[in-house]
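What's in query_23.cif: mmCIF, C-alpha atoms and all ligand atoms
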data_entry
#
loop_
_atom_site.label_atom_id
_atom_site.label_comp_id
_atom_site.auth_asym_id
_atom_site.auth_seq_id
_atom_site.Cartn_x
_atom_site.Cartn_y
_atom_site.Cartn_z
CA MET A 1 0.00 0.00 0.00
CA SER A 2 1.21 3.48 -0.80
CA SER A 3 2.41 5.65 2.04
CA VAL A 4 0.39 8.23 3.92
CA VAL A 5 1.38 11.77 2.87
CA LEU A 6 -0.84 13.67 5.26
CA ARG A 7 -2.61 12.67 8.44
CA THR A 8 -4.57 14.59 11.03
CA GLU A 9 -5.08 12.93 14.38
CA ASN A 10 -8.07 14.07 16.44
CA VAL A 11 -7.73 17.69 15.41
CA THR A 12 -9.95 20.09 17.33
CA GLN A 13 -10.11 23.83 16.71
CA ARG A 14 -12.00 26.07 19.10
CA PHE A 15 -12.62 29.78 18.69
CA GLY A 16 -13.76 30.90 22.13
CA GLY A 17 -16.96 28.98 22.74
CA LEU A 18 -17.28 27.77 19.16
CA CYS A 19 -15.90 24.38 18.21
CA ALA A 20 -15.18 24.80 14.48
CA VAL A 21 -13.46 21.42 14.09
CA SER A 22 -14.02 18.57 16.48
CA ASN A 23 -11.79 15.53 16.76
CA ALA A 24 -11.14 15.23 13.03
CA SER A 25 -8.88 12.44 11.82
CA ILE A 26 -8.23 12.16 8.11
CA GLU A 27 -5.48 10.67 5.99
CA VAL A 28 -4.37 11.12 2.41
CA ARG A 29 -2.21 8.56 0.64
CA GLU A 30 0.33 9.15 -2.09
CA GLY A 31 -1.29 9.71 -5.48
CA GLU A 32 -4.85 9.96 -4.20
CA ILE A 33 -7.45 12.62 -4.86
CA VAL A 34 -9.37 13.03 -1.60
CA GLY A 35 -12.34 15.33 -1.07
CA ILE A 36 -13.71 17.13 1.96
CA ILE A 37 -17.35 18.16 1.69
CA GLY A 38 -19.93 19.53 4.10
CA PRO A 39 -22.46 22.33 4.48
CA ASN A 40 -21.40 25.97 4.90
CA GLY A 41 -19.62 26.59 8.18
CA ALA A 42 -18.87 22.89 8.69
CA GLY A 43 -15.20 23.61 9.44
CA LYS A 44 -13.60 22.60 6.13
CA SER A 45 -11.48 25.72 5.60
CA THR A 46 -10.58 25.77 9.29
CA LEU A 47 -9.18 22.25 8.99
CA PHE A 48 -7.12 23.41 5.96
CA ASN A 49 -5.90 26.37 8.01
CA ASP A 50 -4.83 24.02 10.79
CA ILE A 51 -2.99 21.77 8.35
CA THR A 52 -1.17 24.63 6.62
CA GLY A 53 -0.13 26.41 9.81
CA LEU A 54 -2.39 29.47 9.66
CA TYR A 55 -4.02 28.20 12.84
CA THR A 56 -2.60 25.94 15.51
CA PRO A 57 -5.11 23.27 16.50
CA THR A 58 -6.46 23.54 20.02
CA GLU A 59 -5.96 19.78 20.31
CA GLY A 60 -4.64 17.02 18.08
CA LYS A 61 -1.71 16.41 15.78
CA ILE A 62 -0.90 16.83 12.11
CA TYR A 63 1.66 14.68 10.33
CA PHE A 64 3.31 15.14 6.94
CA TYR A 65 4.67 11.67 6.18
CA ASP A 66 6.02 10.77 9.62
CA GLN A 67 6.93 14.28 10.62
CA ASP A 68 4.85 16.06 13.23
CA ILE A 69 4.10 19.48 11.70
CA THR A 70 1.59 20.66 14.32
CA GLY A 71 2.12 24.33 15.09
CA LYS A 72 4.77 24.91 12.42
CA LYS A 73 4.75 28.22 10.54
CA PRO A 74 3.03 28.37 7.12
CA TYR A 75 6.30 29.00 5.23
CA GLU A 76 7.96 26.02 6.96
CA ILE A 77 5.05 23.82 5.94
CA THR A 78 5.15 25.06 2.33
CA LYS A 79 8.84 24.33 2.25
CA LEU A 80 8.27 20.76 3.41
CA GLY A 81 5.95 20.14 0.45
CA LEU A 82 2.37 21.22 1.18
CA ALA A 83 0.91 23.88 -1.10
CA ARG A 84 -2.57 25.31 -1.04
CA THR A 85 -4.97 27.69 -2.69
CA PHE A 86 -7.54 29.80 -0.89
CA GLN A 87 -11.31 29.98 -1.10
CA ASN A 88 -10.99 33.61 -2.25
CA ILE A 89 -8.49 34.22 -5.02
CA ARG A 90 -5.27 35.69 -3.64
CA LEU A 91 -3.15 36.86 -6.54
CA PHE A 92 -0.86 39.87 -6.69
CA PRO A 93 -2.83 42.23 -8.95
CA THR A 94 0.07 44.51 -9.88
CA MET A 95 2.25 41.58 -10.94
CA THR A 96 2.24 39.68 -14.19
CA VAL A 97 1.14 36.07 -14.54
CA LEU A 98 4.80 35.01 -14.75
CA GLU A 99 5.82 37.01 -11.67
CA ASN A 100 2.99 35.48 -9.65
CA VAL A 101 4.23 32.00 -10.46
CA MET A 102 7.88 32.93 -9.83
CA LEU A 103 6.88 34.17 -6.41
CA GLY A 104 5.44 30.76 -5.64
CA ALA A 105 8.83 29.16 -6.31
CA HIS A 106 10.76 31.51 -4.06
CA CYS A 107 10.30 29.44 -0.93
CA ARG A 108 12.76 26.98 -2.50
CA THR A 109 15.62 29.38 -3.16
CA LYS A 110 18.85 29.27 -1.27
CA ALA A 111 19.70 32.90 -1.90
CA ASN A 112 19.50 34.93 1.27
CA LEU A 113 18.47 38.54 1.51
CA LEU A 114 22.07 39.73 1.08
CA ASP A 115 22.33 37.82 -2.21
CA VAL A 116 19.21 39.50 -3.46
CA VAL A 117 20.33 42.98 -2.48
CA LEU A 118 23.85 42.55 -3.88
CA HIS A 119 22.66 40.73 -7.01
CA THR A 120 25.25 38.04 -6.46
CA ARG A 121 25.97 35.42 -9.07
CA ARG A 122 24.19 32.80 -7.00
CA ASN A 123 21.08 34.96 -6.93
CA LYS A 124 21.15 35.56 -10.69
CA LYS A 125 21.51 31.85 -11.43
CA GLU A 126 18.66 31.00 -9.08
CA GLU A 127 16.44 33.70 -10.54
CA GLN A 128 17.08 32.26 -13.99
CA ASP A 129 16.23 28.72 -12.83
CA ILE A 130 13.05 29.94 -11.19
CA ARG A 131 12.03 31.74 -14.36
CA GLU A 132 12.55 28.62 -16.46
CA ARG A 133 10.61 26.52 -14.03
CA ALA A 134 7.78 29.06 -13.88
CA LEU A 135 7.58 29.13 -17.68
CA ASP A 136 7.37 25.32 -17.74
CA ILE A 137 4.50 25.42 -15.27
CA LEU A 138 2.74 28.06 -17.34
CA ARG A 139 2.96 25.76 -20.34
CA ILE A 140 1.46 22.88 -18.33
CA THR A 141 -1.37 25.07 -17.06
CA GLU A 142 -1.90 26.57 -20.53
CA LEU A 143 -1.25 30.10 -19.31
CA TYR A 144 2.01 30.62 -21.21
CA ASP A 145 0.50 32.96 -23.80
CA PHE A 146 -0.64 35.25 -21.00
CA ARG A 147 2.66 35.33 -19.10
CA TYR A 148 3.16 39.08 -19.44
CA ASN A 149 -0.46 40.02 -18.68
CA TYR A 150 -1.45 41.34 -15.29
CA ALA A 151 -2.84 38.54 -13.16
CA THR A 152 -6.15 40.24 -12.55
CA SER A 153 -6.72 40.92 -16.25
CA LEU A 154 -7.39 37.21 -16.79
CA PRO A 155 -10.90 35.77 -16.87
CA TYR A 156 -12.00 34.20 -13.60
CA GLY A 157 -11.36 30.57 -14.54
CA MET A 158 -7.83 31.41 -15.63
CA GLN A 159 -7.12 33.34 -12.43
CA ARG A 160 -8.03 30.17 -10.56
CA ARG A 161 -5.67 28.22 -12.79
CA LEU A 162 -2.94 30.75 -12.07
CA GLU A 163 -3.42 30.08 -8.38
CA PHE A 164 -2.84 26.38 -9.05
CA ALA A 165 0.25 27.27 -11.11
CA ARG A 166 1.62 29.29 -8.23
CA ALA A 167 0.96 26.47 -5.78
CA ILE A 168 2.72 23.97 -8.06
CA ALA A 169 5.72 26.30 -8.35
CA SER A 170 6.65 25.60 -4.73
CA ASN A 171 7.30 22.00 -5.87
CA PRO A 172 4.89 20.39 -3.41
CA LYS A 173 4.13 16.77 -2.70
CA ILE A 174 0.51 17.49 -1.86
CA LEU A 175 -1.76 20.15 -3.30
CA MET A 176 -4.67 21.41 -1.23
CA PHE A 177 -7.43 23.30 -3.03
CA ASP A 178 -10.14 25.16 -1.12
CA GLU A 179 -13.23 25.24 -3.36
CA PRO A 180 -11.41 25.37 -6.68
CA ALA A 181 -14.65 25.39 -8.70
CA ALA A 182 -16.25 28.25 -6.74
CA GLY A 183 -17.55 30.90 -9.16
CA MET A 184 -16.76 28.80 -12.23
CA ASN A 185 -19.24 28.17 -15.00
CA GLU A 186 -20.03 24.68 -16.31
CA GLU A 187 -17.32 24.75 -18.96
CA GLU A 188 -14.63 26.06 -16.61
CA THR A 189 -15.58 23.37 -14.09
CA GLN A 190 -15.26 20.72 -16.78
CA ASP A 191 -11.79 22.04 -17.66
CA LEU A 192 -10.92 21.98 -13.97
CA ASN A 193 -11.99 18.35 -13.75
CA VAL A 194 -9.60 17.42 -16.57
CA PHE A 195 -6.84 19.59 -15.08
CA ILE A 196 -6.98 18.02 -11.61
CA LYS A 197 -6.83 14.55 -13.18
CA LYS A 198 -3.80 15.70 -15.13
CA LEU A 199 -2.12 16.83 -11.91
CA GLN A 200 -2.76 13.38 -10.46
CA ASP A 201 -1.20 11.77 -13.54
CA MET A 202 1.83 14.01 -13.01
CA GLY A 203 2.28 12.43 -9.59
CA TYR A 204 0.69 14.99 -7.28
CA THR A 205 -1.43 14.01 -4.32
CA ILE A 206 -4.53 16.17 -4.00
CA LEU A 207 -6.82 17.14 -1.14
CA LEU A 208 -9.72 19.35 -2.07
CA ILE A 209 -12.68 21.05 -0.47
CA GLU A 210 -15.55 21.41 -2.88
CA HIS A 211 -19.26 22.18 -3.00
CA ASP A 212 -19.72 21.09 -6.61
CA MET A 213 -20.97 17.55 -6.04
CA LYS A 214 -20.63 16.50 -9.65
CA LEU A 215 -16.95 17.42 -9.62
CA VAL A 216 -16.28 15.80 -6.25
CA MET A 217 -18.06 12.57 -7.13
CA ASN A 218 -16.25 12.46 -10.45
CA ILE A 219 -12.66 12.92 -9.38
CA CYS A 220 -12.32 11.85 -5.74
CA GLU A 221 -11.40 8.33 -4.78
CA ARG A 222 -12.40 8.95 -1.17
CA ILE A 223 -14.45 11.64 0.52
CA TYR A 224 -14.69 12.90 4.09
CA VAL A 225 -17.88 14.64 5.19
CA LEU A 226 -17.78 17.34 7.87
CA ASP A 227 -20.87 18.68 9.58
CA HIS A 228 -20.80 21.14 12.48
CA GLY A 229 -17.07 20.48 12.85
CA ALA A 230 -17.37 16.70 13.14
CA LEU A 231 -16.65 14.00 10.58
CA ILE A 232 -19.96 12.28 10.00
CA SER A 233 -19.01 10.03 7.11
CA HIS A 234 -16.09 8.78 5.07
CA GLY A 235 -15.89 6.54 2.02
CA THR A 236 -16.02 6.20 -1.74
CA PRO A 237 -18.31 8.52 -3.71
CA GLU A 238 -20.88 5.69 -3.94
CA GLN A 239 -20.83 5.13 -0.17
CA ILE A 240 -21.13 8.86 0.54
CA ARG A 241 -23.96 9.36 -1.91
CA SER A 242 -26.10 6.73 -0.23
CA ASP A 243 -25.20 7.46 3.41
CA PRO A 244 -28.36 8.65 5.24
CA ARG A 245 -26.24 10.78 7.64
CA VAL A 246 -24.86 12.73 4.70
CA ILE A 247 -28.25 13.18 3.07
CA GLU A 248 -29.62 14.40 6.40
CA ALA A 249 -26.75 16.86 6.90
CA TYR A 250 -27.41 18.40 3.51
CA LEU A 251 -31.16 18.32 3.44
CA GLY A 252 -31.87 18.82 7.14
CA LYS A 253 -33.80 16.47 9.37
CA GLU A 254 -37.32 15.64 8.35
CA GLU A 255 -39.59 16.58 11.23
N1 LIG B 301 -10.67 32.88 12.74
C1 LIG B 301 -11.88 32.56 13.17
N2 LIG B 301 -12.39 33.08 14.32
C2 LIG B 301 -13.62 32.75 14.77
N3 LIG B 301 -14.44 31.89 14.13
C3 LIG B 301 -13.99 31.33 12.99
C4 LIG B 301 -12.70 31.63 12.44
N4 LIG B 301 -12.55 30.92 11.31
C5 LIG B 301 -13.68 30.22 11.14
N5 LIG B 301 -14.55 30.46 12.15
C6 LIG B 301 -15.87 29.84 12.33
O1 LIG B 301 -15.68 28.44 12.28
C7 LIG B 301 -16.77 27.81 11.62
C8 LIG B 301 -16.27 27.00 10.46
O2 LIG B 301 -15.84 27.88 9.43
P1 LIG B 301 -15.12 27.40 8.10
O3 LIG B 301 -14.77 28.61 7.34
O4 LIG B 301 -14.05 26.44 8.43
O5 LIG B 301 -16.33 26.63 7.37
P2 LIG B 301 -16.36 25.98 5.92
O6 LIG B 301 -16.77 24.57 6.09
O7 LIG B 301 -15.10 26.26 5.21
O8 LIG B 301 -17.59 26.78 5.26
P3 LIG B 301 -17.81 27.29 3.75
O9 LIG B 301 -18.31 26.12 2.99
O10 LIG B 301 -18.87 28.35 3.91
O11 LIG B 301 -16.53 27.83 3.25
C9 LIG B 301 -17.74 28.92 11.23
O12 LIG B 301 -18.74 29.02 12.21
C10 LIG B 301 -16.85 30.15 11.21
O13 LIG B 301 -17.58 31.32 11.46
MG MG B 302 -14.61 27.32 3.54
#

Please express what this file holds, its structure, as structure tokens.
Ligand SMILES: Nc1ncnc2c1ncn2[C@@H]1O[C@H](COP(=O)(O)OP(=O)(O)OP(=O)(O)O)[C@@H](O)[C@H]1O
Ligand SMILES: [Mg+2]
Amino acid sequence: MSSVVLRTENVTQRFGGLCAVSNASIEVREGEIVGIIGPNGAGKSTLFNDITGLYTPTEGKIYFYDQDITGKKPYEITKLGLARTFQNIRLFPTMTVLENVMLGAHCRTKANLLDVVLHTRRNKKEEQDIRERALDILRITELYDFRYNYATSLPYGMQRRLEFARAIASNPKILMFDEPAAGMNEEETQDLNVFIKKLQDMGYTILLIEHDMKLVMNICERIYVLDHGALISHGTPEQIRSDPRVIEAYLGKEE
């Protein structure tokens, strides 16, 4: 069996009196596409924030392979090999498409601040390597022709794709997408479906939060369902679709 890339162990996140995530244990194996679904406010993004170091869980542990990463800083976690996108697009509007992707690769550079300021040879070589790598990624994500355009001049679906490109640029082992299809039309969602499959073929492991059921059921091998912070179900798309607890969480209890 392939190894476990990411594991949360009884993660709980409280905000004052509110328990946003309660005792959540999930695991993602190498090469898998795993989904997290659940109604609004279920705690999905909070769990992502715990995993990627934006929050520190109130209780529980998070492991990347066998390494305990609980409480590590976001940049340390990115450097280890976890990259994410956000529910709301976070691009640098005054930078070009290429610059946005190059920025994503910068967590890997060895050049220190002094190198950058003094424009040392090491810095120049690294900058060149990063540029080449960013251009390769732009070809893969079919954004190459737009490399000199401002990021925010792109249509919505492409801006989303640019976010994926930037995440890939950090050379991650696992990609975490928070509602990648949000705001996309039918055609863009279909393209996204193909694109995520392509990322899997390229060897990436993927964990995604998504409301678009068609997309989730299509691409995920396994799905976790969160409701009011707690995991209420876990299984294959077929198992999830027919689980009465899931149907109840989405449709509400019949009185
Ligand atoms: N920093 C925070 N401080 C206080 N409460 C928070 C914070 N972040 C999230 N919450 C609360 O935690 C709960 C879970 O929010 P979260 O954003 O994780 O839900 P979600 O499942 O991602 O929902 P959606 O599908 O709407 O994106 C909500 O009640 C939210 O208001
Ligand atoms: Mg969310």

Contacts of chain A with ligand LIG 301 (chain B) up to 9 Å, shortest pair per row, all atoms listed in the file, as JSON lines:
{"residue": "A:Gln13", "atom": "CA", "partner": "B:LIG301", "partner_atom": "O1", "distance": 8.5}
{"residue": "A:Arg14", "atom": "CA", "partner": "B:LIG301", "partner_atom": "N3", "distance": 8.0}
{"residue": "A:Phe15", "atom": "CA", "partner": "B:LIG301", "partner_atom": "C2", "distance": 5.0}
{"residue": "A:Gly16", "atom": "CA", "partner": "B:LIG301", "partner_atom": "C2", "distance": 7.6}
{"residue": "A:Leu18", "atom": "CA", "partner": "B:LIG301", "partner_atom": "N3", "distance": 7.1}
{"residue": "A:Cys19", "atom": "CA", "partner": "B:LIG301", "partner_atom": "O1", "distance": 7.2}
{"residue": "A:Ala20", "atom": "CA", "partner": "B:LIG301", "partner_atom": "O1", "distance": 4.3}
{"residue": "A:Val21", "atom": "CA", "partner": "B:LIG301", "partner_atom": "C8", "distance": 7.2}
{"residue": "A:Ile37", "atom": "CA", "partner": "B:LIG301", "partner_atom": "O6", "distance": 7.8}
{"residue": "A:Gly38", "atom": "CA", "partner": "B:LIG301", "partner_atom": "O6", "distance": 6.3}
{"residue": "A:Pro39", "atom": "CA", "partner": "B:LIG301", "partner_atom": "O9", "distance": 5.8}
{"residue": "A:Asn40", "atom": "CA", "partner": "B:LIG301", "partner_atom": "O10", "distance": 3.6}
{"residue": "A:Gly41", "atom": "CA", "partner": "B:LIG301", "partner_atom": "O5", "distance": 3.4}
{"residue": "A:Ala42", "atom": "CA", "partner": "B:LIG301", "partner_atom": "O6", "distance": 3.7}
{"residue": "A:Gly43", "atom": "CA", "partner": "B:LIG301", "partner_atom": "O4", "distance": 3.2}
{"residue": "A:Lys44", "atom": "CA", "partner": "B:LIG301", "partner_atom": "O6", "distance": 3.7}
{"residue": "A:Ser45", "atom": "CA", "partner": "B:LIG301", "partner_atom": "O7", "distance": 3.7}
{"residue": "A:Thr46", "atom": "CA", "partner": "B:LIG301", "partner_atom": "O4", "distance": 3.6}
{"residue": "A:Leu47", "atom": "CA", "partner": "B:LIG301", "partner_atom": "O4", "distance": 6.4}
{"residue": "A:Phe48", "atom": "CA", "partner": "B:LIG301", "partner_atom": "O4", "distance": 8.0}
{"residue": "A:Asn49", "atom": "CA", "partner": "B:LIG301", "partner_atom": "O4", "distance": 8.2}
{"residue": "A:Tyr55", "atom": "CA", "partner": "B:LIG301", "partner_atom": "N1", "distance": 8.1}
{"residue": "A:Gln87", "atom": "CA", "partner": "B:LIG301", "partner_atom": "O11", "distance": 7.1}
{"residue": "A:Asp178", "atom": "CA", "partner": "B:LIG301", "partner_atom": "O7", "distance": 8.1}
{"residue": "A:Glu179", "atom": "CA", "partner": "B:LIG301", "partner_atom": "O11", "distance": 7.8}
{"residue": "A:Ile209", "atom": "CA", "partner": "B:LIG301", "partner_atom": "O7", "distance": 8.1}
{"residue": "A:Glu210", "atom": "CA", "partner": "B:LIG301", "partner_atom": "O9", "distance": 8.0}
{"residue": "A:His211", "atom": "CA", "partner": "B:LIG301", "partner_atom": "O9", "distance": 7.2}
{"residue": "A:Leu226", "atom": "CA", "partner": "B:LIG301", "partner_atom": "O6", "distance": 7.5}
{"residue": "A:Asp227", "atom": "CA", "partner": "B:LIG301", "partner_atom": "O6", "distance": 8.0}
{"residue": "A:His228", "atom": "CA", "partner": "B:LIG301", "partner_atom": "C8", "distance": 7.7}
{"residue": "A:Gly229", "atom": "CA", "partner": "B:LIG301", "partner_atom": "C8", "distance": 7.0}

Mind dumping the selected residues with C-alpha atoms as an mmCIF file, in the frame of the given file?
data_model
loop_
_atom_site.group_PDB
_atom_site.id
_atom_site.type_symbol
_atom_site.label_atom_id
_atom_site.label_comp_id
_atom_site.auth_asym_id
_atom_site.auth_seq_id
_atom_site.Cartn_x
_atom_site.Cartn_y
_atom_site.Cartn_z
ATOM 1 C CA GLN A 13 -10.110 23.830 16.710
ATOM 2 C CA ARG A 14 -12.000 26.070 19.100
ATOM 3 C CA PHE A 15 -12.620 29.780 18.690
ATOM 4 C CA GLY A 16 -13.760 30.900 22.130
ATOM 5 C CA LEU A 18 -17.280 27.770 19.160
ATOM 6 C CA CYS A 19 -15.900 24.380 18.210
ATOM 7 C CA ALA A 20 -15.180 24.800 14.480
ATOM 8 C CA VAL A 21 -13.460 21.420 14.090
ATOM 9 C CA ILE A 37 -17.350 18.160 1.690
ATOM 10 C CA GLY A 38 -19.930 19.530 4.100
ATOM 11 C CA PRO A 39 -22.460 22.330 4.480
ATOM 12 C CA ASN A 40 -21.400 25.970 4.900
ATOM 13 C CA GLY A 41 -19.620 26.590 8.180
ATOM 14 C CA ALA A 42 -18.870 22.890 8.690
ATOM 15 C CA GLY A 43 -15.200 23.610 9.440
ATOM 16 C CA LYS A 44 -13.600 22.600 6.130
ATOM 17 C CA SER A 45 -11.480 25.720 5.600
ATOM 18 C CA THR A 46 -10.580 25.770 9.290
ATOM 19 C CA LEU A 47 -9.180 22.250 8.990
ATOM 20 C CA PHE A 48 -7.120 23.410 5.960
ATOM 21 C CA ASN A 49 -5.900 26.370 8.010
ATOM 22 C CA TYR A 55 -4.020 28.200 12.840
ATOM 23 C CA GLN A 87 -11.310 29.980 -1.100
ATOM 24 C CA ASP A 178 -10.140 25.160 -1.120
ATOM 25 C CA GLU A 179 -13.230 25.240 -3.360
ATOM 26 C CA ILE A 209 -12.680 21.050 -0.470
ATOM 27 C CA GLU A 210 -15.550 21.410 -2.880
ATOM 28 C CA HIS A 211 -19.260 22.180 -3.000
ATOM 29 C CA LEU A 226 -17.780 17.340 7.870
ATOM 30 C CA ASP A 227 -20.870 18.680 9.580
ATOM 31 C CA HIS A 228 -20.800 21.140 12.480
ATOM 32 C CA GLY A 229 -17.070 20.480 12.850
#

What is the distance between atom CA of A:Phe92 and atom CA of A:Ala151, in Å to one decimal?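 Rounded to one decimal, the two atoms are 6.9 Å apart.
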
A:Tyr150 surroundings by only C-alpha atoms, 8 Å radius, close-in-sequence under 5 positions cut, as an mmCIF file with C-alpha atoms, keeping the file's coordinate frame:
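File produced: result_25.cif:
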data_model
loop_
_atom_site.group_PDB
_atom_site.id
_atom_site.type_symbol
_atom_site.label_atom_id
_atom_site.label_comp_id
_atom_site.auth_asym_id
_atom_site.auth_seq_id
_atom_site.Cartn_x
_atom_site.Cartn_y
_atom_site.Cartn_z
ATOM 1 C CA PRO A 93 -2.830 42.230 -8.950
ATOM 2 C CA THR A 94 0.070 44.510 -9.880
ATOM 3 C CA MET A 95 2.250 41.580 -10.940
ATOM 4 C CA THR A 96 2.240 39.680 -14.190
ATOM 5 C CA VAL A 97 1.140 36.070 -14.540
#

Atom CA of A:Val11 to atom CA of A:Tyr224, distance in Å rounded to a single decimal: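 Straight-line distance from atom CA of A:Val11 to atom CA of A:Tyr224 works out to 14.1 Å.
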
Counting only C-alpha atoms, which residues sit no farther than 12 Å from the position (4.7, 22.5, 6.8) in the file's frame? I'd like them as a ChimeraX atom specification. /A:5-6,48-54,56,62-65,67-84,107,172-174

Save the residues we just selected, C-alpha atoms, as a PDB file, in the coordinates of the input?
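Below is the file that was written, result_11.pdb:
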ATOM      1  CA  VAL A   5       1.380  11.770   2.870  1.00  0.00           C
ATOM      2  CA  LEU A   6      -0.840  13.670   5.260  1.00  0.00           C
ATOM      3  CA  PHE A  48      -7.120  23.410   5.960  1.00  0.00           C
ATOM      4  CA  ASN A  49      -5.900  26.370   8.010  1.00  0.00           C
ATOM      5  CA  ASP A  50      -4.830  24.020  10.790  1.00  0.00           C
ATOM      6  CA  ILE A  51      -2.990  21.770   8.350  1.00  0.00           C
ATOM      7  CA  THR A  52      -1.170  24.630   6.620  1.00  0.00           C
ATOM      8  CA  GLY A  53      -0.130  26.410   9.810  1.00  0.00           C
ATOM      9  CA  LEU A  54      -2.390  29.470   9.660  1.00  0.00           C
ATOM     10  CA  THR A  56      -2.600  25.940  15.510  1.00  0.00           C
ATOM     11  CA  ILE A  62      -0.900  16.830  12.110  1.00  0.00           C
ATOM     12  CA  TYR A  63       1.660  14.680  10.330  1.00  0.00           C
ATOM     13  CA  PHE A  64       3.310  15.140   6.940  1.00  0.00           C
ATOM     14  CA  TYR A  65       4.670  11.670   6.180  1.00  0.00           C
ATOM     15  CA  GLN A  67       6.930  14.280  10.620  1.00  0.00           C
ATOM     16  CA  ASP A  68       4.850  16.060  13.230  1.00  0.00           C
ATOM     17  CA  ILE A  69       4.100  19.480  11.700  1.00  0.00           C
ATOM     18  CA  THR A  70       1.590  20.660  14.320  1.00  0.00           C
ATOM     19  CA  GLY A  71       2.120  24.330  15.090  1.00  0.00           C
ATOM     20  CA  LYS A  72       4.770  24.910  12.420  1.00  0.00           C
ATOM     21  CA  LYS A  73       4.750  28.220  10.540  1.00  0.00           C
ATOM     22  CA  PRO A  74       3.030  28.370   7.120  1.00  0.00           C
ATOM     23  CA  TYR A  75       6.300  29.000   5.230  1.00  0.00           C
ATOM     24  CA  GLU A  76       7.960  26.020   6.960  1.00  0.00           C
ATOM     25  CA  ILE A  77       5.050  23.820   5.940  1.00  0.00           C
ATOM     26  CA  THR A  78       5.150  25.060   2.330  1.00  0.00           C
ATOM     27  CA  LYS A  79       8.840  24.330   2.250  1.00  0.00           C
ATOM     28  CA  LEU A  80       8.270  20.760   3.410  1.00  0.00           C
ATOM     29  CA  GLY A  81       5.950  20.140   0.450  1.00  0.00           C
ATOM     30  CA  LEU A  82       2.370  21.220   1.180  1.00  0.00           C
ATOM     31  CA  ALA A  83       0.910  23.880  -1.100  1.00  0.00           C
ATOM     32  CA  ARG A  84      -2.570  25.310  -1.040  1.00  0.00           C
ATOM     33  CA  CYS A 107      10.300  29.440  -0.930  1.00  0.00           C
ATOM     34  CA  PRO A 172       4.890  20.390  -3.410  1.00  0.00           C
ATOM     35  CA  LYS A 173       4.130  16.770  -2.700  1.00  0.00           C
ATOM     36  CA  ILE A 174       0.510  17.490  -1.860  1.00  0.00           C
TER      37      ILE A 174
END

What's the 6 Å shell around stretch 25-31 of chain A, counting all atoms listed in the file, without same-chain residues fewer than 5 positions away, as a VMD selection string? chain A and resid 2 to 10 204 to 205

Any chance you could build stretch 73-82 of chain A out to N, CA, C and O atoms and write it as a short mmCIF file (atom, residue, chain, number, x, y, z; two decimals), keeping the file's coordinate frame?
data_model
loop_
_atom_site.label_atom_id
_atom_site.label_comp_id
_atom_site.auth_asym_id
_atom_site.auth_seq_id
_atom_site.Cartn_x
_atom_site.Cartn_y
_atom_site.Cartn_z
N LYS A 73 5.14 27.01 11.26
CA LYS A 73 4.75 28.22 10.54
C LYS A 73 4.36 27.87 9.10
O LYS A 73 4.91 26.93 8.52
N PRO A 74 3.44 28.66 8.50
CA PRO A 74 3.03 28.37 7.12
C PRO A 74 4.20 28.22 6.13
O PRO A 74 4.21 27.30 5.33
N TYR A 75 5.21 29.09 6.22
CA TYR A 75 6.30 29.00 5.23
C TYR A 75 7.13 27.73 5.44
O TYR A 75 7.64 27.14 4.49
N GLU A 76 7.23 27.27 6.70
CA GLU A 76 7.96 26.02 6.96
C GLU A 76 7.21 24.84 6.34
O GLU A 76 7.80 23.93 5.78
N ILE A 77 5.89 24.90 6.45
CA ILE A 77 5.05 23.82 5.94
C ILE A 77 5.08 23.80 4.41
O ILE A 77 5.19 22.73 3.80
N THR A 78 5.04 24.98 3.80
CA THR A 78 5.15 25.06 2.33
C THR A 78 6.48 24.46 1.88
O THR A 78 6.54 23.69 0.93
N LYS A 79 7.50 24.79 2.61
CA LYS A 79 8.84 24.33 2.25
C LYS A 79 8.96 22.80 2.34
O LYS A 79 9.66 22.18 1.55
N LEU A 80 8.24 22.23 3.27
CA LEU A 80 8.27 20.76 3.41
C LEU A 80 7.59 20.08 2.22
O LEU A 80 7.93 18.95 1.87
N GLY A 81 6.60 20.75 1.61
CA GLY A 81 5.95 20.14 0.45
C GLY A 81 4.43 20.14 0.48
O GLY A 81 3.80 19.30 -0.16
N LEU A 82 3.84 21.06 1.23
CA LEU A 82 2.37 21.22 1.18
C LEU A 82 2.06 22.58 0.58
O LEU A 82 2.53 23.60 1.08
#
